[in-house]
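Containing mmCIF, C-alpha atoms and all ligand atoms: target_14.cif.
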```cif
data_target
loop_
_atom_site.label_atom_id
_atom_site.label_comp_id
_atom_site.auth_asym_id
_atom_site.auth_seq_id
_atom_site.Cartn_x
_atom_site.Cartn_y
_atom_site.Cartn_z
CA MET A 1 -49.46 -4.18 -80.16
CA SER A 2 -46.87 -2.52 -77.93
CA ILE A 3 -43.23 -3.40 -78.54
CA TYR A 4 -42.97 -3.64 -74.76
CA SER A 5 -45.64 -6.31 -74.32
CA SER A 6 -44.65 -9.07 -76.77
CA LEU A 7 -41.68 -10.11 -78.87
CA ASN A 8 -44.11 -10.96 -81.68
CA SER A 9 -44.71 -7.22 -82.10
CA ILE A 10 -41.36 -6.88 -83.88
CA SER A 11 -41.59 -9.88 -86.27
CA GLU A 12 -42.21 -7.53 -89.20
CA GLU A 13 -39.08 -5.52 -88.38
CA LEU A 14 -37.02 -8.71 -88.10
CA ASN A 15 -38.32 -9.90 -91.49
CA LYS A 16 -37.11 -6.70 -93.18
CA CYS A 17 -33.45 -7.51 -92.38
CA MET A 18 -31.58 -8.79 -95.46
CA LYS A 19 -28.49 -9.71 -93.38
CA CYS A 20 -26.32 -7.44 -95.57
CA GLY A 21 -24.13 -6.54 -92.59
CA ASN A 22 -23.87 -2.86 -93.55
CA CYS A 23 -24.76 -1.97 -89.96
CA GLN A 24 -21.36 -3.22 -88.81
CA ALA A 25 -19.66 -0.21 -90.34
CA VAL A 26 -21.53 2.27 -88.15
CA CYS A 27 -21.86 0.29 -84.92
CA PRO A 28 -19.63 1.56 -82.08
CA ILE A 29 -19.84 -1.83 -80.34
CA TYR A 30 -18.84 -3.80 -83.43
CA LYS A 31 -15.99 -1.38 -84.14
CA GLU A 32 -14.50 -2.13 -80.70
CA THR A 33 -15.30 -5.83 -80.31
CA ARG A 34 -15.23 -7.03 -83.95
CA LYS A 35 -17.80 -9.60 -82.83
CA GLU A 36 -20.91 -10.27 -84.89
CA VAL A 37 -23.08 -10.15 -81.77
CA GLY A 38 -22.01 -6.54 -81.30
CA SER A 39 -23.75 -5.48 -84.51
CA ALA A 40 -27.47 -5.14 -85.12
CA ARG A 41 -27.36 -8.10 -87.55
CA GLY A 42 -25.85 -10.39 -84.91
CA LYS A 43 -28.47 -9.50 -82.34
CA ILE A 44 -31.26 -9.77 -84.90
CA THR A 45 -30.15 -13.34 -85.68
CA LEU A 46 -30.19 -14.19 -81.97
CA ILE A 47 -33.65 -12.71 -81.51
CA GLU A 48 -34.98 -14.62 -84.54
CA THR A 49 -33.79 -17.92 -83.07
CA LEU A 50 -35.45 -16.92 -79.83
CA LEU A 51 -38.75 -16.22 -81.57
CA SER A 52 -38.61 -19.47 -83.55
CA GLY A 53 -38.01 -21.42 -80.35
CA GLU A 54 -34.56 -22.73 -81.42
CA LEU A 55 -32.99 -20.88 -78.50
CA GLU A 56 -34.33 -20.14 -75.04
CA MET A 57 -33.80 -16.92 -73.16
CA THR A 58 -30.89 -17.34 -70.75
CA GLU A 59 -28.79 -14.99 -68.67
CA GLY A 60 -26.03 -15.28 -71.29
CA LEU A 61 -28.40 -14.28 -74.08
CA ALA A 62 -29.68 -11.34 -72.03
CA ASP A 63 -26.04 -10.27 -71.54
CA ARG A 64 -25.49 -10.27 -75.29
CA LEU A 65 -28.58 -8.10 -75.72
CA SER A 66 -27.00 -5.60 -73.33
CA LEU A 67 -24.24 -5.02 -75.93
CA CYS A 68 -25.90 -1.99 -77.50
CA THR A 69 -25.68 1.71 -76.66
CA THR A 70 -29.07 2.31 -78.39
CA CYS A 71 -27.24 4.90 -80.48
CA MET A 72 -29.58 4.29 -83.48
CA ALA A 73 -26.71 4.51 -85.98
CA CYS A 74 -27.76 1.15 -87.48
CA THR A 75 -31.39 2.26 -87.77
CA ALA A 76 -30.40 5.53 -89.46
CA ASN A 77 -28.13 3.77 -91.96
CA CYS A 78 -30.13 0.64 -92.80
CA SER A 79 -31.23 0.69 -96.44
CA CYS A 80 -33.98 -1.85 -95.63
CA GLY A 81 -35.49 0.45 -93.01
CA VAL A 82 -35.06 -2.00 -90.13
CA ARG A 83 -36.03 -0.27 -86.88
CA PHE A 84 -33.41 -1.89 -84.69
CA ASP A 85 -34.18 0.71 -82.01
CA LYS A 86 -37.58 -0.97 -81.56
CA ILE A 87 -36.18 -4.50 -81.86
CA ILE A 88 -33.66 -4.07 -79.06
CA LEU A 89 -36.19 -2.55 -76.65
CA ALA A 90 -38.69 -5.34 -77.33
CA ALA A 91 -36.01 -8.01 -76.86
CA ARG A 92 -34.79 -6.55 -73.58
CA ALA A 93 -38.37 -6.37 -72.28
CA GLU A 94 -38.75 -10.06 -73.20
CA ALA A 95 -35.49 -10.86 -71.36
CA VAL A 96 -36.87 -9.24 -68.20
CA ARG A 97 -40.21 -11.06 -68.57
CA GLN A 98 -38.42 -14.40 -68.80
CA GLU A 99 -35.28 -13.97 -66.72
CA GLY A 100 -36.27 -11.21 -64.31
CA LEU A 101 -34.27 -8.09 -63.58
CA HIS A 102 -30.78 -8.07 -62.06
CA PRO A 103 -31.23 -7.32 -58.30
CA ILE A 104 -29.10 -4.14 -58.48
CA LYS A 105 -31.12 -2.82 -61.43
CA LYS A 106 -34.32 -3.74 -59.59
CA ILE A 107 -33.31 -1.64 -56.57
CA ALA A 108 -32.11 1.24 -58.78
CA PHE A 109 -35.26 1.41 -60.95
CA THR A 110 -37.56 1.04 -57.95
CA ALA A 111 -35.80 3.99 -56.32
CA LEU A 112 -35.97 6.04 -59.54
CA LYS A 113 -39.74 5.74 -59.77
CA MET A 114 -40.19 6.56 -56.05
CA ASN A 115 -39.65 10.25 -56.53
CA ARG A 116 -39.36 11.39 -52.90
CA LEU A 117 -37.21 8.46 -51.78
CA PHE A 118 -34.82 8.98 -54.69
CA ASP A 119 -34.65 12.68 -53.94
CA LEU A 120 -33.81 11.96 -50.31
CA GLY A 121 -31.13 9.46 -51.34
CA MET A 122 -29.49 12.00 -53.66
CA LYS A 123 -29.52 14.70 -50.95
CA PHE A 124 -27.91 12.24 -48.53
CA GLY A 125 -25.39 11.35 -51.25
CA SER A 126 -24.60 15.02 -51.78
CA ALA A 127 -23.87 15.55 -48.09
CA PHE A 128 -21.55 12.53 -47.84
CA GLN A 129 -20.09 12.33 -51.35
CA GLY A 130 -16.63 13.21 -50.00
CA LEU A 131 -16.45 9.77 -48.37
CA ALA A 132 -16.61 7.98 -51.73
CA MET A 133 -15.29 10.63 -54.12
CA LYS A 134 -12.19 12.82 -54.17
CA ARG A 135 -12.50 16.19 -55.87
CA ILE A 136 -10.05 16.91 -58.67
CA LYS A 137 -7.81 19.66 -57.31
CA GLY A 138 -7.91 23.15 -58.69
CA SER A 139 -10.92 22.65 -60.94
CA ASP A 140 -14.67 22.21 -60.88
CA LYS A 141 -14.36 19.33 -63.28
CA GLY A 142 -15.64 16.68 -60.90
CA ALA A 143 -14.23 13.94 -58.75
CA ARG A 144 -12.73 10.48 -58.88
CA LEU A 145 -13.98 7.52 -56.90
CA ARG A 146 -11.85 6.69 -53.86
CA PHE A 147 -12.57 2.96 -54.19
CA ASP A 148 -12.65 0.59 -57.13
CA PHE A 149 -16.31 0.23 -58.03
CA GLY A 150 -15.37 -1.32 -61.37
CA LEU A 151 -15.67 2.01 -63.21
CA GLY A 152 -11.94 2.38 -63.91
CA ASN A 153 -10.66 5.95 -63.83
CA LYS A 154 -14.05 7.53 -64.50
CA VAL A 155 -14.39 11.18 -63.55
CA LEU A 156 -17.84 11.92 -62.15
CA PRO A 157 -19.50 15.29 -61.62
CA ASN A 158 -20.05 16.45 -58.06
CA LEU A 159 -23.57 16.11 -56.71
CA ALA A 160 -25.14 19.55 -56.34
CA ARG A 161 -25.68 20.80 -52.77
CA LYS A 162 -29.32 21.35 -53.60
CA PRO A 163 -31.29 19.75 -56.46
CA LEU A 164 -32.29 22.34 -59.06
CA LYS A 165 -35.96 21.47 -58.57
CA ASP A 166 -35.69 22.69 -54.94
CA GLU A 167 -33.69 25.75 -55.91
CA LEU A 168 -36.09 27.12 -58.52
CA PRO A 169 -39.48 28.64 -57.70
CA GLU A 170 -42.52 26.81 -59.05
CA VAL A 171 -43.28 29.65 -61.46
CA ILE A 172 -40.78 32.15 -62.86
CA THR A 173 -42.83 34.99 -64.22
CA VAL A 174 -42.07 37.56 -66.93
CA LYS A 175 -44.03 40.58 -68.10
CA ASN A 176 -46.50 39.81 -70.91
CA PRO A 177 -45.29 36.24 -71.50
CA LYS A 178 -45.16 34.98 -75.08
CA MET A 179 -45.66 31.44 -73.82
CA ARG A 180 -45.99 29.43 -70.59
CA VAL A 181 -43.32 26.77 -70.75
CA ALA A 182 -42.99 23.81 -68.37
CA PHE A 183 -39.36 22.85 -67.78
CA TYR A 184 -38.67 19.11 -67.61
CA ILE A 185 -35.37 19.08 -65.72
CA GLY A 186 -34.23 15.45 -65.90
CA CYS A 187 -32.07 13.70 -63.30
CA VAL A 188 -28.54 14.58 -64.47
CA THR A 189 -29.35 18.29 -64.65
CA ASN A 190 -31.36 18.22 -61.42
CA TYR A 191 -28.76 16.50 -59.26
CA PHE A 192 -25.43 17.23 -60.97
CA TYR A 193 -25.35 19.92 -63.67
CA THR A 194 -27.61 22.55 -62.11
CA ASP A 195 -25.65 25.25 -64.01
CA MET A 196 -27.11 23.87 -67.22
CA GLY A 197 -30.67 24.02 -65.89
CA ARG A 198 -30.25 27.59 -64.64
CA ALA A 199 -29.05 28.54 -68.13
CA VAL A 200 -32.27 27.08 -69.62
CA VAL A 201 -34.38 29.23 -67.28
CA GLU A 202 -32.29 32.36 -67.93
CA VAL A 203 -32.56 32.01 -71.70
CA LEU A 204 -36.29 31.22 -71.65
CA THR A 205 -37.12 34.22 -69.46
CA GLU A 206 -34.76 36.42 -71.51
CA ASN A 207 -36.89 35.45 -74.49
CA GLY A 208 -40.18 36.34 -72.84
CA CYS A 209 -41.34 32.91 -71.65
CA GLU A 210 -42.86 32.22 -68.26
CA VAL A 211 -41.25 29.07 -66.84
CA ILE A 212 -43.14 26.51 -64.76
CA VAL A 213 -41.17 23.98 -62.71
CA PRO A 214 -43.50 21.15 -61.63
CA LYS A 215 -42.22 20.02 -58.25
CA ASP A 216 -43.64 16.51 -58.58
CA GLN A 217 -41.71 15.69 -61.78
CA GLY A 218 -39.33 12.71 -61.61
CA CYS A 219 -37.03 10.51 -63.67
CA CYS A 220 -38.25 10.05 -67.26
CA GLY A 221 -37.77 6.28 -66.93
CA THR A 222 -35.18 5.90 -69.71
CA PRO A 223 -32.88 3.71 -67.55
CA ALA A 224 -35.82 1.37 -66.92
CA SER A 225 -37.21 1.33 -70.49
CA VAL A 226 -33.84 0.64 -72.15
CA ASN A 227 -33.20 -2.17 -69.68
CA GLY A 228 -36.56 -3.84 -70.26
CA ASP A 229 -38.19 -2.89 -66.95
CA VAL A 230 -41.45 -1.85 -68.59
CA LYS A 231 -43.50 -1.55 -65.37
CA SER A 232 -41.04 0.91 -63.80
CA ALA A 233 -40.81 2.88 -67.06
CA GLN A 234 -44.60 3.11 -67.24
CA ALA A 235 -44.79 4.24 -63.60
CA SER A 236 -42.26 7.03 -64.27
CA ALA A 237 -44.02 8.09 -67.47
CA ARG A 238 -47.42 8.19 -65.71
CA LEU A 239 -46.04 10.25 -62.81
CA ASN A 240 -44.58 12.85 -65.18
CA LEU A 241 -47.56 13.01 -67.52
CA LEU A 242 -49.93 13.66 -64.61
CA ALA A 243 -47.57 16.25 -63.09
CA PHE A 244 -47.26 18.21 -66.35
CA GLU A 245 -50.94 17.87 -67.24
CA LYS A 246 -51.70 19.87 -64.08
CA THR A 247 -49.60 22.80 -65.33
CA GLY A 248 -51.74 23.55 -68.39
CA ALA A 249 -48.50 24.78 -70.03
CA ASP A 250 -48.26 25.65 -73.73
CA ALA A 251 -45.13 23.53 -74.16
CA ILE A 252 -42.59 21.34 -72.40
CA VAL A 253 -38.91 22.11 -72.83
CA SER A 254 -36.07 19.70 -72.11
CA ASN A 255 -32.30 20.13 -72.27
CA CYS A 256 -31.60 16.38 -72.21
CA SER A 257 -31.61 14.34 -75.41
CA SER A 258 -32.84 11.13 -73.79
CA CYS A 259 -35.52 12.86 -71.70
CA GLY A 260 -36.78 14.67 -74.81
CA GLU A 261 -36.79 11.38 -76.72
CA SER A 262 -38.79 9.81 -73.89
CA TRP A 263 -41.46 12.51 -73.89
CA LYS A 264 -41.73 12.53 -77.69
CA HIS A 265 -41.48 8.84 -78.57
CA VAL A 266 -41.13 6.46 -75.61
CA PHE A 267 -44.07 7.59 -73.44
CA PRO A 268 -46.61 7.09 -76.27
CA GLN A 269 -45.10 3.66 -77.07
CA LEU A 270 -45.21 2.60 -73.42
CA PHE A 271 -48.97 3.16 -73.40
CA ASP A 272 -49.81 1.58 -76.76
CA ASP A 273 -52.12 -0.83 -74.86
CA ASP A 274 -53.72 1.83 -72.61
CA PRO A 275 -55.91 4.24 -74.67
CA GLU A 276 -56.42 6.81 -71.90
CA MET A 277 -52.74 7.20 -71.00
CA LYS A 278 -51.79 6.93 -74.68
CA ALA A 279 -53.99 9.97 -75.48
CA LEU A 280 -52.31 11.96 -72.71
CA ALA A 281 -48.83 10.86 -73.83
CA ASP A 282 -49.60 11.77 -77.46
CA LYS A 283 -50.89 15.19 -76.41
CA TRP A 284 -47.70 16.06 -74.53
CA ALA A 285 -45.42 14.43 -77.10
CA ALA A 286 -46.69 16.97 -79.61
CA LYS A 287 -45.93 19.83 -77.19
CA THR A 288 -42.41 18.72 -76.21
CA TYR A 289 -39.35 20.53 -77.57
CA ASP A 290 -35.65 20.27 -77.08
CA ILE A 291 -34.42 23.69 -75.90
CA SER A 292 -32.50 24.34 -79.16
CA GLU A 293 -35.51 23.30 -81.26
CA PHE A 294 -37.74 25.57 -79.17
CA LEU A 295 -35.46 28.58 -79.62
CA ILE A 296 -35.22 28.14 -83.38
CA HIS A 297 -38.74 27.03 -84.34
CA LYS A 298 -41.13 27.98 -81.55
CA VAL A 299 -39.97 31.21 -79.92
CA PRO A 300 -37.03 32.40 -82.05
CA PHE A 301 -34.31 33.62 -79.70
CA LYS A 302 -33.35 37.31 -79.60
CA ARG A 303 -30.16 37.97 -81.48
CA GLU A 304 -29.89 41.58 -80.37
CA GLY A 305 -28.18 41.98 -77.00
CA LEU A 306 -25.83 39.05 -77.47
CA GLY A 307 -22.35 39.75 -76.12
CA ARG A 308 -19.01 38.34 -77.31
CA VAL A 309 -17.98 34.92 -76.08
CA GLU A 310 -14.47 34.28 -77.34
CA ARG A 311 -14.33 30.53 -77.72
CA LYS A 312 -13.25 27.99 -80.29
CA VAL A 313 -15.85 25.27 -80.01
CA THR A 314 -16.61 21.87 -81.44
CA TYR A 315 -20.07 20.29 -81.23
CA HIS A 316 -20.85 16.66 -80.32
CA ASP A 317 -24.26 15.43 -81.55
CA PRO A 318 -26.03 13.37 -78.86
CA CYS A 319 -27.48 10.20 -80.45
CA HIS A 320 -31.00 10.69 -79.07
CA LEU A 321 -31.09 14.32 -80.17
CA ASN A 322 -29.54 13.84 -83.60
CA ARG A 323 -30.93 10.49 -84.78
CA GLY A 324 -33.69 10.20 -82.17
CA GLN A 325 -35.27 13.63 -82.70
CA GLY A 326 -33.66 14.78 -85.95
CA ILE A 327 -32.13 17.84 -84.26
CA ASN A 328 -28.60 18.70 -85.36
CA GLN A 329 -28.73 22.03 -87.19
CA GLU A 330 -30.56 23.95 -84.45
CA PRO A 331 -27.72 23.85 -81.86
CA ARG A 332 -25.24 24.84 -84.58
CA GLU A 333 -27.44 27.75 -85.63
CA ILE A 334 -27.44 28.99 -82.04
CA LEU A 335 -23.66 28.63 -81.72
CA LYS A 336 -23.05 30.44 -85.00
CA ALA A 337 -25.24 33.36 -83.85
CA ILE A 338 -23.10 34.01 -80.76
CA PRO A 339 -20.52 36.72 -81.48
CA GLY A 340 -16.96 35.48 -80.91
CA VAL A 341 -17.81 31.77 -81.10
CA GLU A 342 -15.90 29.89 -83.80
CA LEU A 343 -17.34 26.47 -84.60
CA ILE A 344 -14.86 23.86 -85.80
CA GLU A 345 -16.45 20.53 -86.70
CA MET A 346 -14.84 17.34 -85.45
CA LYS A 347 -14.63 14.17 -87.54
CA GLU A 348 -17.90 12.25 -87.17
CA PRO A 349 -19.66 14.56 -84.67
CA GLY A 350 -22.59 12.10 -84.60
CA ARG A 351 -20.50 9.13 -83.47
CA CYS A 352 -21.76 7.80 -80.10
CA CYS A 353 -19.71 8.92 -77.06
CA GLY A 354 -20.26 5.57 -75.33
CA MET A 355 -22.19 6.89 -72.32
CA ALA A 356 -25.68 5.49 -73.03
CA GLY A 357 -26.79 5.85 -69.39
CA SER A 358 -26.55 2.52 -67.63
CA PHE A 359 -24.41 1.07 -70.48
CA MET A 360 -21.46 2.97 -68.97
CA LEU A 361 -22.10 1.18 -65.64
CA VAL A 362 -22.65 -2.30 -67.12
CA HIS A 363 -19.80 -2.17 -69.68
CA PRO A 364 -17.37 0.43 -68.30
CA ASP A 365 -14.35 -0.76 -70.33
CA LEU A 366 -16.21 -0.84 -73.63
CA SER A 367 -17.79 2.52 -72.83
CA ALA A 368 -14.31 3.99 -72.18
CA GLN A 369 -12.92 2.52 -75.43
CA ILE A 370 -15.76 4.13 -77.42
CA SER A 371 -15.19 7.40 -75.56
CA ASP A 372 -11.45 7.35 -76.36
CA LYS A 373 -12.24 7.51 -80.10
CA LYS A 374 -14.49 10.51 -79.56
CA ILE A 375 -11.91 12.29 -77.41
CA ALA A 376 -9.22 11.69 -80.06
CA ASP A 377 -11.52 13.36 -82.64
CA ILE A 378 -12.06 16.28 -80.25
CA ALA A 379 -8.31 16.68 -79.66
CA GLN A 380 -7.81 16.99 -83.44
CA THR A 381 -9.99 20.12 -83.56
CA HIS A 382 -7.63 22.13 -81.26
CA THR A 383 -10.62 23.90 -79.75
CA ASP A 384 -11.04 25.10 -76.16
CA THR A 385 -14.67 24.06 -75.63
CA VAL A 386 -16.74 20.98 -76.40
CA VAL A 387 -20.42 21.76 -76.71
CA THR A 388 -23.18 19.19 -76.62
CA GLY A 389 -26.95 19.02 -76.21
CA CYS A 390 -27.21 16.42 -73.46
CA PRO A 391 -26.14 16.34 -69.80
CA ALA A 392 -25.27 12.62 -69.96
CA CYS A 393 -22.96 13.22 -72.96
CA ARG A 394 -21.44 16.12 -71.03
CA LEU A 395 -20.63 13.73 -68.17
CA GLN A 396 -18.95 11.23 -70.50
CA LEU A 397 -17.06 13.85 -72.52
CA ALA A 398 -15.88 15.70 -69.38
CA SER A 399 -14.46 12.46 -68.02
CA GLY A 400 -12.72 11.64 -71.31
CA VAL A 401 -11.30 15.14 -71.68
CA GLU A 402 -9.96 15.14 -68.10
CA ASN A 403 -8.38 11.70 -68.46
CA ALA A 404 -6.77 12.69 -71.76
CA GLY A 405 -5.26 15.80 -70.14
CA LEU A 406 -7.07 18.16 -72.55
CA GLN A 407 -7.86 21.69 -71.37
CA GLU A 408 -11.36 21.79 -72.88
CA ASP A 409 -14.47 23.04 -71.11
CA VAL A 410 -17.47 20.79 -71.71
CA VAL A 411 -20.79 22.63 -71.75
CA HIS A 412 -24.34 22.55 -73.14
CA THR A 413 -25.25 24.84 -76.06
CA ILE A 414 -27.67 26.74 -73.85
CA GLN A 415 -24.90 27.67 -71.40
CA LEU A 416 -23.02 29.55 -74.11
CA LEU A 417 -26.17 31.38 -75.15
CA ALA A 418 -26.87 32.32 -71.52
CA GLU A 419 -23.26 33.49 -71.17
CA SER A 420 -23.62 35.63 -74.29
CA TYR A 421 -26.77 37.35 -72.99
CA LYS A 422 -24.96 38.08 -69.69
CA VAL A 423 -21.95 39.57 -71.45
CA GLY A 424 -24.29 41.63 -73.64
CA LYS A 425 -26.05 43.06 -70.58
CA LYS A 426 -22.75 43.86 -68.84
CA SER A 427 -21.48 45.80 -71.86
CA ILE A 428 -24.74 47.77 -72.07
CA SER A 429 -24.55 48.74 -68.39
CA ALA A 430 -20.83 49.54 -68.70
CA ALA A 431 -21.57 51.80 -71.67
CA ALA A 432 -24.36 53.55 -69.71
CA ARG A 433 -21.99 54.38 -66.81
S1 LIG B 1 -30.16 -4.34 -89.90
FE1 LIG B 1 -30.18 -3.38 -91.93
S2 LIG B 1 -28.00 -2.94 -92.33
FE2 LIG B 1 -28.06 -4.47 -90.67
S3 LIG B 1 -27.94 -6.47 -91.67
FE3 LIG B 1 -30.12 -6.01 -91.41
S4 LIG B 1 -30.69 -5.03 -93.35
FE4 LIG B 1 -28.48 -4.97 -93.28
S1 LIG B 2 -28.00 0.89 -81.84
FE1 LIG B 2 -25.84 1.49 -82.06
S2 LIG B 2 -24.74 0.15 -80.61
FE2 LIG B 2 -26.78 -0.76 -80.92
S3 LIG B 2 -26.48 -2.25 -82.57
FE3 LIG B 2 -27.16 -0.32 -83.53
S4 LIG B 2 -25.28 0.76 -84.10
FE4 LIG B 2 -24.72 -0.87 -82.64
#
```
Just dump the structure as structure tokens.
Ligand code: SF4
Ligand code: SF4
Amino acid sequence: MSIYSSLNSISEELNKCMKCGNCQAVCPIYKETRKEVGSARGKITLIETLLSGELEMTEGLADRLSLCTTCMACTANCSCGVRFDKIILAARAEAVRQEGLHPIKKIAFTALKMNRLFDLGMKFGSAFQGLAMKRIKGSDKGARLRFDFGLGNKVLPNLARKPLKDELPEVITVKNPKMRVAFYIGCVTNYFYTDMGRAVVEVLTENGCEVIVPKDQGCCGTPASVNGDVKSAQASARLNLLAFEKTGADAIVSNCSSCGESWKHVFPQLFDDDPEMKALADKWAAKTYDISEFLIHKVPFKREGLGRVERKVTYHDPCHLNRGQGINQEPREILKAIPGVELIEMKEPGRCCGMAGSFMLVHPDLSAQISDKKIADIAQTHTDTVVTGCPACRLQLASGVENAGLQEDVVHTIQLLAESYKVGKKSISAAAR
């Protein structure tokens, strides 16, 4: 039974909980609020009373269920093996079944699954972003909102003039390709951090891979699935699965931790009750790789030709890459291979940054408080660059760094590797002159 179709599907997980409360110690929400409902145990108790019929689903209860960044720290540290990641998704789906979706979320998720309409909206937004956002002077670090939208002093990245999907050709060929790789771009890279996406293509082609960019790909549906809008999440998953099936690619590569997690784990779960789509989702789940995982395990990246990149860096582990996909050593291995890069670990690199997609919009103050802890850990490293493996984490960290007055660049691992290849090529051509 799918966790998205009935709350009964998670009874077994609920029964495993011994109410020891150990999850409090790792929960970013509990650490800030000191309220039992912030922790996994608190929410598990609420969900149990819901299942037993002692409590009814109300708007207030649904609000309490929104107090979770889905960081999976409780799941990873629970000695009873309670899969709270599944429990929270099932409970939020139940909340939507019973209480409906907030009208703003309904509009947002409907737009996200209507690929062309969303694309048009983002292009319009790009053209007129100056009306709502003011660029930060003298930097390309983003912009602040001109009006109070309830997001505090959040720094947001500028919308790209052209989405990356429109900028890239459908197929980027190389001589004698080792593999044909389909690039799943994801919304934040497509509309905001196009530099990150270009770096993915540069590194893949540098390493002998043909890159396919399916033009009909769309949002992976994470905002909808984590908010309980199962129908919209299924629509997004179906659209992407059919688009990538047409490519006949050997693998899918993603540079976003939540998109990768969706392809690997969420899409198959969304179709637990639909054998045909489930088979397709399982097939592509097995062929999906995070870019760092791909470059270490699938097509090992070339180490010859790497140029010096003089940077002191610290690495933030995105929750859905680290705990969701078990990938934490691969990005570090890449960073350590780049000549000139010095990696200095921060305290608790796996602690959630507080972004969690729509969590930042629904609970901006709490999100900022969680971010402040992360930024303080970064400041302690005295580095000049924060590296991460997720565009959404980059957005949150860049905002925190700017607001704290730190002079750090915030980039994706793949951008440093791309930079290193470029420097390597320049020094070869300079030597040949
Ligand atoms: S979820 Fe795990 S860690 Fe938390 S109270 Fe239950 S058993 Fe203990
Ligand atoms: S997933 Fe993270 S935020 Fe949610 S209850 Fe568990 S530790 Fe707390």
Sorted by chain and rising residue number, which residues of chain A lie within 6 Å of ligand LIG 2 (chain B), and what are their closest atom pairs and distances in Å to one decimal, counting only C-alpha atoms and all ligand atoms, as a Markdown table?
```
| residue | atom | partner | partner_atom | distance |
| --- | --- | --- | --- | --- |
| A:Val26 | CA | B:LIG2 | S4 | 5.7 |
| A:Cys27 | CA | B:LIG2 | S4 | 3.5 |
| A:Pro28 | CA | B:LIG2 | S2 | 5.5 |
| A:Ile29 | CA | B:LIG2 | S2 | 5.3 |
| A:Ser39 | CA | B:LIG2 | S3 | 4.7 |
| A:Ala40 | CA | B:LIG2 | S3 | 4.0 |
| A:Cys68 | CA | B:LIG2 | FE2 | 3.7 |
| A:Thr69 | CA | B:LIG2 | S2 | 4.3 |
| A:Thr70 | CA | B:LIG2 | S1 | 3.9 |
| A:Cys71 | CA | B:LIG2 | FE1 | 4.0 |
| A:Met72 | CA | B:LIG2 | S1 | 4.1 |
| A:Ala73 | CA | B:LIG2 | S4 | 4.4 |
| A:Cys74 | CA | B:LIG2 | S4 | 4.2 |
```
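Between ligand LIG 1 (chain B) and the candidates A:Gly152, A:Gly21, A:Gly125, A:Gly208, the tightest atom-to-atom separation, counting all atoms listed in the file, involves A:Gly21.
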List as CSV every residue of chain A that is in contact with ligand LIG 1 (chain B), defined as an atom at most 7 Å from one of its atoms (using all atoms listed in the file), together with the nearest atom pair and the distance in Å rounded to one decimal, sorted by chain and then rising number.
```
residue,atom,partner,partner_atom,distance
A:Lys16,CA,B:LIG1,S4,6.6
A:Cys17,CA,B:LIG1,FE3,3.8
A:Met18,CA,B:LIG1,S4,4.4
A:Lys19,CA,B:LIG1,S3,3.7
A:Cys20,CA,B:LIG1,FE4,4.0
A:Gly21,CA,B:LIG1,S3,3.9
A:Asn22,CA,B:LIG1,S2,4.3
A:Cys23,CA,B:LIG1,S2,4.1
A:Ala40,CA,B:LIG1,S1,5.5
A:Arg41,CA,B:LIG1,S3,4.5
A:Cys74,CA,B:LIG1,S2,6.3
A:Asn77,CA,B:LIG1,S2,6.7
A:Cys78,CA,B:LIG1,FE1,4.1
A:Ser79,CA,B:LIG1,FE1,6.2
A:Cys80,CA,B:LIG1,S4,5.1
A:Gly81,CA,B:LIG1,FE1,6.6
A:Val82,CA,B:LIG1,FE1,5.4
A:Phe84,CA,B:LIG1,S1,6.6
```
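Proximity to Lys154 (chain A) at 8 Å, evaluated using all atoms listed in the file and with sequence-adjacent residues fewer than 2 positions away removed, yields Arg144, Leu145, Leu151, Gly152, Leu156 and Ser399 of chain A.
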Exercise. Tell me, as a list in words, which residues lie within 12 Å of Asp274 (chain A), counting all atoms listed in the file; anything in the same chain fewer than 6 positions away does not count.
Key: Met1, Ser2, Ser5, Gln234, Arg238, Phe267, Pro268, Leu280, Ala281 and Asp282 of chain A
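Separating CA of Ser358 (chain A) from CA of Pro223 (chain A) is a distance of 6.4 Å.
CA of Ala93 (chain A) is positioned 8.0 Å from CA of Ser225 (chain A).
Proximity of A:Gly221, A:Pro157, A:Gly53, A:Gly307 to Pro391 (chain A), computed with all atoms listed in the file, is greatest for A:Pro157.
Here CA of Phe271 (chain A) and CA of Leu51 (chain A) stand 23.4 Å from one another.
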I want to know what sits within 9 Å of Glu333 (chain A), based on only C-alpha atoms, with residues of the same chain fewer than 3 positions away left out; could you give that as a JSON list (two decimals) with C-alpha atoms, in the coordinates of the input?
```json
[["chain", "number", "residue", "atom", "x", "y", "z"],
["A", 292, "SER", "CA", -32.50, 24.34, -79.16],
["A", 296, "ILE", "CA", -35.22, 28.14, -83.38],
["A", 329, "GLN", "CA", -28.73, 22.03, -87.19],
["A", 330, "GLU", "CA", -30.56, 23.95, -84.45],
["A", 336, "LYS", "CA", -23.05, 30.44, -85.00],
["A", 337, "ALA", "CA", -25.24, 33.36, -83.85]]
```
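Proximity to Val410 (chain A) was assessed for A:Leu239, A:Ala251, A:Lys422, A:Gly142 counting all atoms listed in the file; the smallest distance is recorded for A:Gly142.
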Quiz item: Within 12 Å of (-44.0, -8.7, -87.4), only C-alpha atoms: residues as a PyMOL selection string?
Solution: chain A and resi 1-3+6-17+48+51+82-83+86-87+90
Practice problem: Dig up all the protein and nucleic acid residues within 12 Å of (-24.6, 33.2, -73.9) in the file frame, using all atoms listed in the file, and format them as number ranges by chain. | Solution: A: 196, 199-200, 202-203, 206, 301-311, 334-341, 411-426
Quiz item: Counting all atoms listed in the file, what is within 8 Å of region 368-382 of chain A, bar same-chain residues fewer than 3 positions away, as a PyMOL selection string?
Solution: chain A and resi 28-29+32+314+344-348+351-355+360+364-365+386+396-397+400-401+404+406
